[in-house]
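**Student:** What follows is the file my_file_20.cif, containing mmCIF, C-alpha atoms:
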data_final
#
loop_
_atom_site.label_atom_id
_atom_site.label_comp_id
_atom_site.auth_asym_id
_atom_site.auth_seq_id
_atom_site.Cartn_x
_atom_site.Cartn_y
_atom_site.Cartn_z
CA MET A 1 0.00 0.00 0.00
CA ALA A 2 1.35 3.40 -0.94
CA SER A 3 2.13 5.87 1.75
CA ASP A 4 -0.23 8.69 2.54
CA PRO A 5 1.06 11.78 0.67
CA THR A 6 -0.39 14.01 3.39
CA SER A 7 1.34 12.28 6.27
CA GLY A 8 4.79 13.73 5.50
CA THR A 9 6.48 10.54 6.78
CA PRO A 10 7.42 8.04 4.06
CA ASP A 11 7.13 4.35 4.87
CA GLY A 12 9.88 1.75 4.63
CA PRO A 13 13.68 2.04 4.40
CA ASP A 14 13.54 5.39 2.60
CA ARG A 15 12.52 7.18 5.82
CA PRO A 16 15.05 10.00 6.52
CA GLY A 17 17.43 9.04 9.27
CA GLY A 18 16.23 5.44 9.34
CA ALA A 19 19.59 3.98 8.36
CA ALA A 20 21.42 5.91 11.06
CA GLU A 21 18.88 4.97 13.73
CA LEU A 22 19.11 1.27 12.89
CA ASP A 23 22.85 1.12 12.18
CA PRO A 24 24.11 -1.89 14.19
CA ALA A 25 27.72 -0.66 14.12
CA GLU A 26 26.74 2.63 15.75
CA THR A 27 24.66 0.79 18.35
CA LEU A 28 27.59 -1.49 19.16
CA ARG A 29 29.92 1.49 19.47
CA MET A 30 27.60 3.20 21.93
CA ILE A 31 27.27 0.04 24.02
CA ARG A 32 31.03 -0.38 24.21
CA GLU A 33 31.54 3.26 25.16
CA GLN A 34 29.05 2.84 28.01
CA GLN A 35 30.84 -0.32 29.14
CA GLU A 36 34.18 1.52 29.14
CA ARG A 37 32.72 4.36 31.22
CA ALA A 38 31.17 1.92 33.69
CA ARG A 39 34.42 0.02 34.09
CA ASP A 40 36.45 3.19 34.55
CA ALA A 41 34.01 4.41 37.20
CA THR A 42 33.93 1.20 39.25
CA GLU A 43 37.51 -0.09 39.04
CA PRO A 44 40.72 1.43 40.46
CA ASP A 45 42.49 3.78 38.05
CA GLY A 46 45.95 2.36 37.46
CA ARG A 47 47.29 5.76 36.43
CA LEU A 48 46.49 7.24 39.83
CA LEU A 49 47.84 4.27 41.77
CA PHE A 50 51.05 4.13 39.72
CA GLY A 51 51.50 7.87 40.07
CA ALA A 52 50.95 7.87 43.84
CA TRP A 53 53.44 5.08 44.51
CA GLY A 54 55.91 6.38 41.93
CA LEU A 55 56.08 9.82 43.54
CA ALA A 56 56.20 8.31 47.05
CA TRP A 57 59.16 6.07 46.26
CA LEU A 58 61.00 8.60 44.12
CA VAL A 59 60.79 11.42 46.69
CA GLY A 60 61.22 9.26 49.79
CA TYR A 61 64.12 7.13 48.62
CA LEU A 62 65.94 10.00 46.96
CA ALA A 63 65.86 11.76 50.32
CA MET A 64 67.32 8.65 51.94
CA TRP A 65 70.05 8.23 49.31
CA THR A 66 71.00 11.92 49.24
CA THR A 67 71.60 12.07 52.98
CA ALA A 68 73.36 8.69 53.14
CA ARG A 69 75.95 9.20 50.39
CA GLU A 70 78.64 10.49 52.73
CA THR A 71 78.15 8.47 55.90
CA GLY A 72 76.19 5.48 54.61
CA THR A 73 73.42 6.27 57.08
CA PRO A 74 70.45 8.44 56.07
CA ALA A 75 69.43 11.42 58.17
CA GLY A 76 66.56 11.08 60.58
CA TRP A 77 64.40 13.56 58.73
CA ALA A 78 64.84 11.57 55.51
CA GLY A 79 63.43 8.52 57.24
CA TRP A 80 60.37 10.51 58.26
CA VAL A 81 59.97 11.79 54.70
CA LEU A 82 60.05 8.23 53.37
CA ALA A 83 57.63 7.01 56.03
CA GLY A 84 55.24 9.88 55.27
CA CYS A 85 55.37 9.19 51.54
CA ILE A 86 54.70 5.47 51.99
CA VAL A 87 51.84 6.07 54.42
CA GLY A 88 50.36 8.68 52.08
CA ALA A 89 50.49 6.33 49.08
CA MET A 90 49.03 3.49 51.14
CA VAL A 91 46.13 5.62 52.44
CA PHE A 92 45.44 6.89 48.93
CA THR A 93 45.37 3.31 47.60
CA ILE A 94 42.96 2.17 50.32
CA VAL A 95 40.60 5.13 49.88
CA HIS A 96 40.73 5.00 46.08
CA SER A 97 40.10 1.24 45.89
CA ILE A 98 37.18 1.34 48.34
CA THR A 99 35.66 4.48 46.80
CA ARG A 100 35.82 3.17 43.24
CA THR A 101 34.05 -0.08 44.16
CA SER A 102 31.56 1.44 46.62
CA GLY A 103 28.94 1.84 43.89
CA THR A 104 29.02 -1.84 43.01
CA ARG A 105 27.18 -4.66 44.70
CA GLY A 106 27.94 -8.20 45.76
CA ALA A 107 31.32 -9.78 45.13
CA SER A 108 32.83 -6.75 43.39
CA ALA A 109 32.23 -4.49 46.39
CA ARG A 110 33.63 -7.05 48.81
CA ILE A 111 36.69 -7.63 46.67
CA GLY A 112 37.42 -3.91 46.41
CA ALA A 113 37.07 -3.36 50.15
CA LEU A 114 39.15 -6.42 51.01
CA TYR A 115 41.86 -5.42 48.57
CA GLY A 116 42.05 -1.93 50.01
CA TRP A 117 42.26 -3.05 53.63
CA THR A 118 44.82 -5.76 52.82
CA TRP A 119 47.28 -2.97 52.09
CA PHE A 120 46.82 -1.68 55.61
CA LEU A 121 47.16 -5.12 57.20
CA ALA A 122 50.25 -5.96 55.14
CA PHE A 123 52.12 -2.82 56.16
CA MET A 124 51.06 -3.22 59.77
CA ALA A 125 52.64 -6.67 59.76
CA PHE A 126 55.66 -5.15 57.98
CA GLY A 127 56.21 -2.67 60.81
CA VAL A 128 55.83 -5.32 63.50
CA MET A 129 58.35 -7.60 61.79
CA LEU A 130 60.90 -4.79 61.52
CA GLY A 131 60.44 -4.04 65.20
CA ALA A 132 61.00 -7.70 66.05
CA MET A 133 64.19 -7.74 63.98
CA GLY A 134 65.47 -4.69 65.86
CA ASP A 135 64.70 -6.31 69.21
CA ALA A 136 66.58 -9.39 68.08
CA GLY A 137 69.73 -7.31 67.54
CA ALA A 138 69.74 -6.89 63.75
CA SER A 139 72.30 -4.33 62.55
CA PRO A 140 71.16 -1.06 60.92
CA GLU A 141 72.38 -2.27 57.52
CA VAL A 142 70.43 -5.53 57.81
CA MET A 143 67.38 -3.56 58.92
CA ALA A 144 67.67 -1.24 55.91
CA VAL A 145 67.98 -4.10 53.43
CA ALA A 146 65.08 -5.94 55.06
CA ALA A 147 62.89 -2.83 55.10
CA ASN A 148 63.45 -2.16 51.41
CA GLY A 149 62.99 -5.80 50.47
CA PHE A 150 59.81 -6.25 52.50
CA ALA A 151 58.30 -3.05 51.11
CA CYS A 152 59.00 -4.15 47.53
CA LEU A 153 57.61 -7.62 48.16
CA ILE A 154 54.39 -6.27 49.67
CA VAL A 155 53.80 -3.71 46.93
CA GLY A 156 54.79 -6.13 44.17
CA LEU A 157 52.53 -8.94 45.36
CA MET A 158 49.63 -6.58 46.04
CA TYR A 159 49.88 -5.14 42.54
CA ILE A 160 49.96 -8.62 41.03
CA ALA A 161 46.88 -9.51 43.08
CA GLY A 162 45.17 -6.30 41.96
CA GLY A 163 45.91 -7.11 38.34
CA LEU A 164 44.28 -10.52 38.74
CA LEU A 165 41.26 -9.22 40.67
CA PHE A 166 40.47 -6.27 38.41
CA GLY A 167 41.60 -7.72 35.09
CA ALA A 168 44.40 -5.16 34.74
CA PRO A 169 47.53 -6.66 33.15
CA SER A 170 49.42 -3.38 33.64
CA MET A 171 49.04 -3.68 37.43
CA ALA A 172 50.33 -7.25 37.35
CA ALA A 173 53.27 -6.18 35.18
CA ALA A 174 54.14 -3.37 37.59
CA GLY A 175 53.98 -5.82 40.48
CA GLY A 176 56.37 -8.17 38.73
CA TRP A 177 58.79 -5.30 38.14
CA MET A 178 58.66 -4.41 41.84
CA LEU A 179 59.78 -7.94 42.69
CA VAL A 180 62.73 -7.49 40.34
CA ALA A 181 63.51 -4.14 42.00
CA ALA A 182 63.49 -5.87 45.40
CA VAL A 183 66.22 -8.27 44.24
CA LEU A 184 68.29 -5.48 42.66
CA ALA A 185 68.05 -3.34 45.78
CA ALA A 186 69.02 -6.22 48.06
CA PHE A 187 72.33 -6.73 46.22
CA ALA A 188 73.13 -3.05 45.61
CA GLY A 189 74.55 -2.48 49.09
CA MET A 190 74.33 0.65 51.22
CA PRO A 191 73.58 3.41 50.36
CA ASP A 192 73.02 2.53 46.69
CA THR A 193 70.06 0.38 47.64
CA TYR A 194 68.10 3.60 48.19
CA LEU A 195 69.00 4.85 44.72
CA VAL A 196 67.85 1.58 43.17
CA MET A 197 64.55 1.86 45.00
CA ALA A 198 64.09 5.45 43.81
CA VAL A 199 65.00 4.86 40.17
CA ALA A 200 63.85 1.28 39.56
CA GLY A 201 60.90 1.41 41.96
CA GLY A 202 59.64 4.97 41.73
CA GLY A 203 60.70 5.46 38.13
CA GLY A 204 59.13 2.14 37.16
CA PHE A 205 55.78 3.16 38.66
CA LEU A 206 55.82 6.54 36.93
CA ALA A 207 56.68 4.89 33.61
CA MET A 208 53.73 2.52 34.04
CA ALA A 209 51.45 5.50 34.73
CA VAL A 210 52.42 6.95 31.35
CA VAL A 211 51.97 3.60 29.60
CA GLU A 212 48.55 3.11 31.20
CA HIS A 213 47.45 6.58 30.07
CA VAL A 214 48.57 5.91 26.48
CA PHE A 215 46.69 2.60 26.42
CA ARG A 216 43.51 4.27 27.67
CA VAL A 217 43.70 7.03 25.08
CA ARG A 218 44.25 4.55 22.27
CA ARG A 219 41.48 2.29 23.53
CA ARG A 220 39.00 5.17 23.40
CA SER A 221 40.14 6.56 20.04
CA PRO A 222 37.64 6.29 17.14
CA GLY A 223 40.06 4.12 15.17
CA ALA A 224 40.40 1.61 18.01
CA VAL A 225 36.63 1.47 18.47
CA ARG A 226 36.07 0.86 14.76
CA GLY A 227 38.76 -1.81 14.80
CA ARG A 228 37.07 -3.66 17.65
CA GLU A 229 33.73 -3.34 15.94
CA GLY A 230 35.15 -4.73 12.72
CA GLY A 231 36.72 -7.62 14.56
CA GLY A 232 33.48 -8.34 16.38
CA GLN A 233 31.43 -8.26 13.17
CA SER A 234 33.83 -10.51 11.30
CA ALA A 235 33.98 -13.07 14.09
#
Let me see the structure of the file written as structure tokens.

**Tutor:**
Amino acid sequence: MASDPTSGTPDGPDRPGGAAELDPAETLRMIREQQERARDATEPDGRLLFGAWGLAWLVGYLAMWTTARETGTPAGWAGWVLAGCIVGAMVFTIVHSITRTSGTRGASARIGALYGWTWFLAFMAFGVMLGAMGDAGASPEVMAVAANGFACLIVGLMYIAGGLLFGAPSMAAAGGWMLVAAVLAAFAGMPDTYLVMAVAGGGGFLAMAVVEHVFRVRRRSPGAVRGREGGGQSA
């Protein structure tokens, strides 16, 4: 049946804008953009976590190394700077992880909260173990090597766990690099162990923050979206 000439709205596929409204590629693109926004809003942002720990280690350990170059022992104020930086990065990680997953329900919310508080528990145990080593008569050099090594192990393993929990390979990669930095720092000797921690540890985190940002930009670019759509349609 022919369309009513007085209606002003043609029937069938010749309707203006019909192709755009029913374009499956555009619909798929919009769905994937919404999924990306939802994931970014409910999962920890690796760029922020990498940046927080990178700055903490770079500033804190550079202060330790700078004041220990002459005597081999860092100044007291440098130790407080390092402690403040580590505590600041740890608090930021806990708050950021819990806040990002607070809008979710069920297992995701529990995982985010547990992951955040595990940081606190791990560093609490870290401090108690160092105190026990001091009471047992460990030398300052042994205490310094142990402190650096334990810190790297905790951060490295927690980042690997975060990568597995949140599906973030970059976090797991950063955690693996922290384990390598722990080994390098342990064999560097005093006071170069602090420099290794600053450059390999802090610099490694900051480099991963840049890499994570580049990946996010490319993932959201129109070309990347069209590429994923093409791959999905051809599958």

**Student:** Could you pull the residues within 12 Å of range 177-188 of chain A, counting only C-alpha atoms, minus those fewer than 5 positions along the same chain, as a count of residues only?

**Tutor:** 43

**Student:** Could you work out how far CA of Trp65 in chain A lies from CA of Arg47 in chain A, giving the answer in Å with one decimal?

**Tutor:**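 We find that CA of Arg47 in chain A and CA of Trp65 in chain A lie 26.3 Å from each other.
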
**Student:** Between A:Leu206, A:Val95, A:Ala89, A:Val128, which is the closest to Gly112 in chain A once you count only C-alpha atoms?

**Tutor:**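 Checking each candidate against Gly112 in chain A, we get A:Val95 as the closest.
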
**Student:** Of the residues A:Glu212, A:Ala56, A:Trp80, A:Ile86, which is the one nearest to Pro169 in chain A, using all atoms listed in the file?

**Tutor:**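 Under the stated criterion, the closest residue is A:Glu212.
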
**Student:** State, in Å with one decimal place, the distance from CA of Gly76 in chain A to CA of Phe120 in chain A.

**Tutor:**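 Interatomic distance, CA of Gly76 in chain A to CA of Phe120 in chain A: 24.0 Å.
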
**Student:** So how far away is CA of Gly116 in chain A from CA of Ile98 in chain A, in Å?

**Tutor:**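 We find that CA of Ile98 in chain A and CA of Gly116 in chain A lie 6.1 Å from each other.
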
**Student:** Using only C-alpha atoms, pick whichever of A:Gly167, A:Ser97, A:Tyr115, A:Gly60 has the shortest atom-to-atom distance to Cys85 in chain A.

**Tutor:**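 Nearest to Cys85 in chain A: A:Gly60.
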
**Student:** Between A:Thr93, A:Ala52, A:Ala63, A:Leu164, which residue has the minimum interatomic distance to Ala75 in chain A, considering only C-alpha atoms?

**Tutor:**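 Using only C-alpha atoms, Ala75 in chain A sits closest to A:Ala63.
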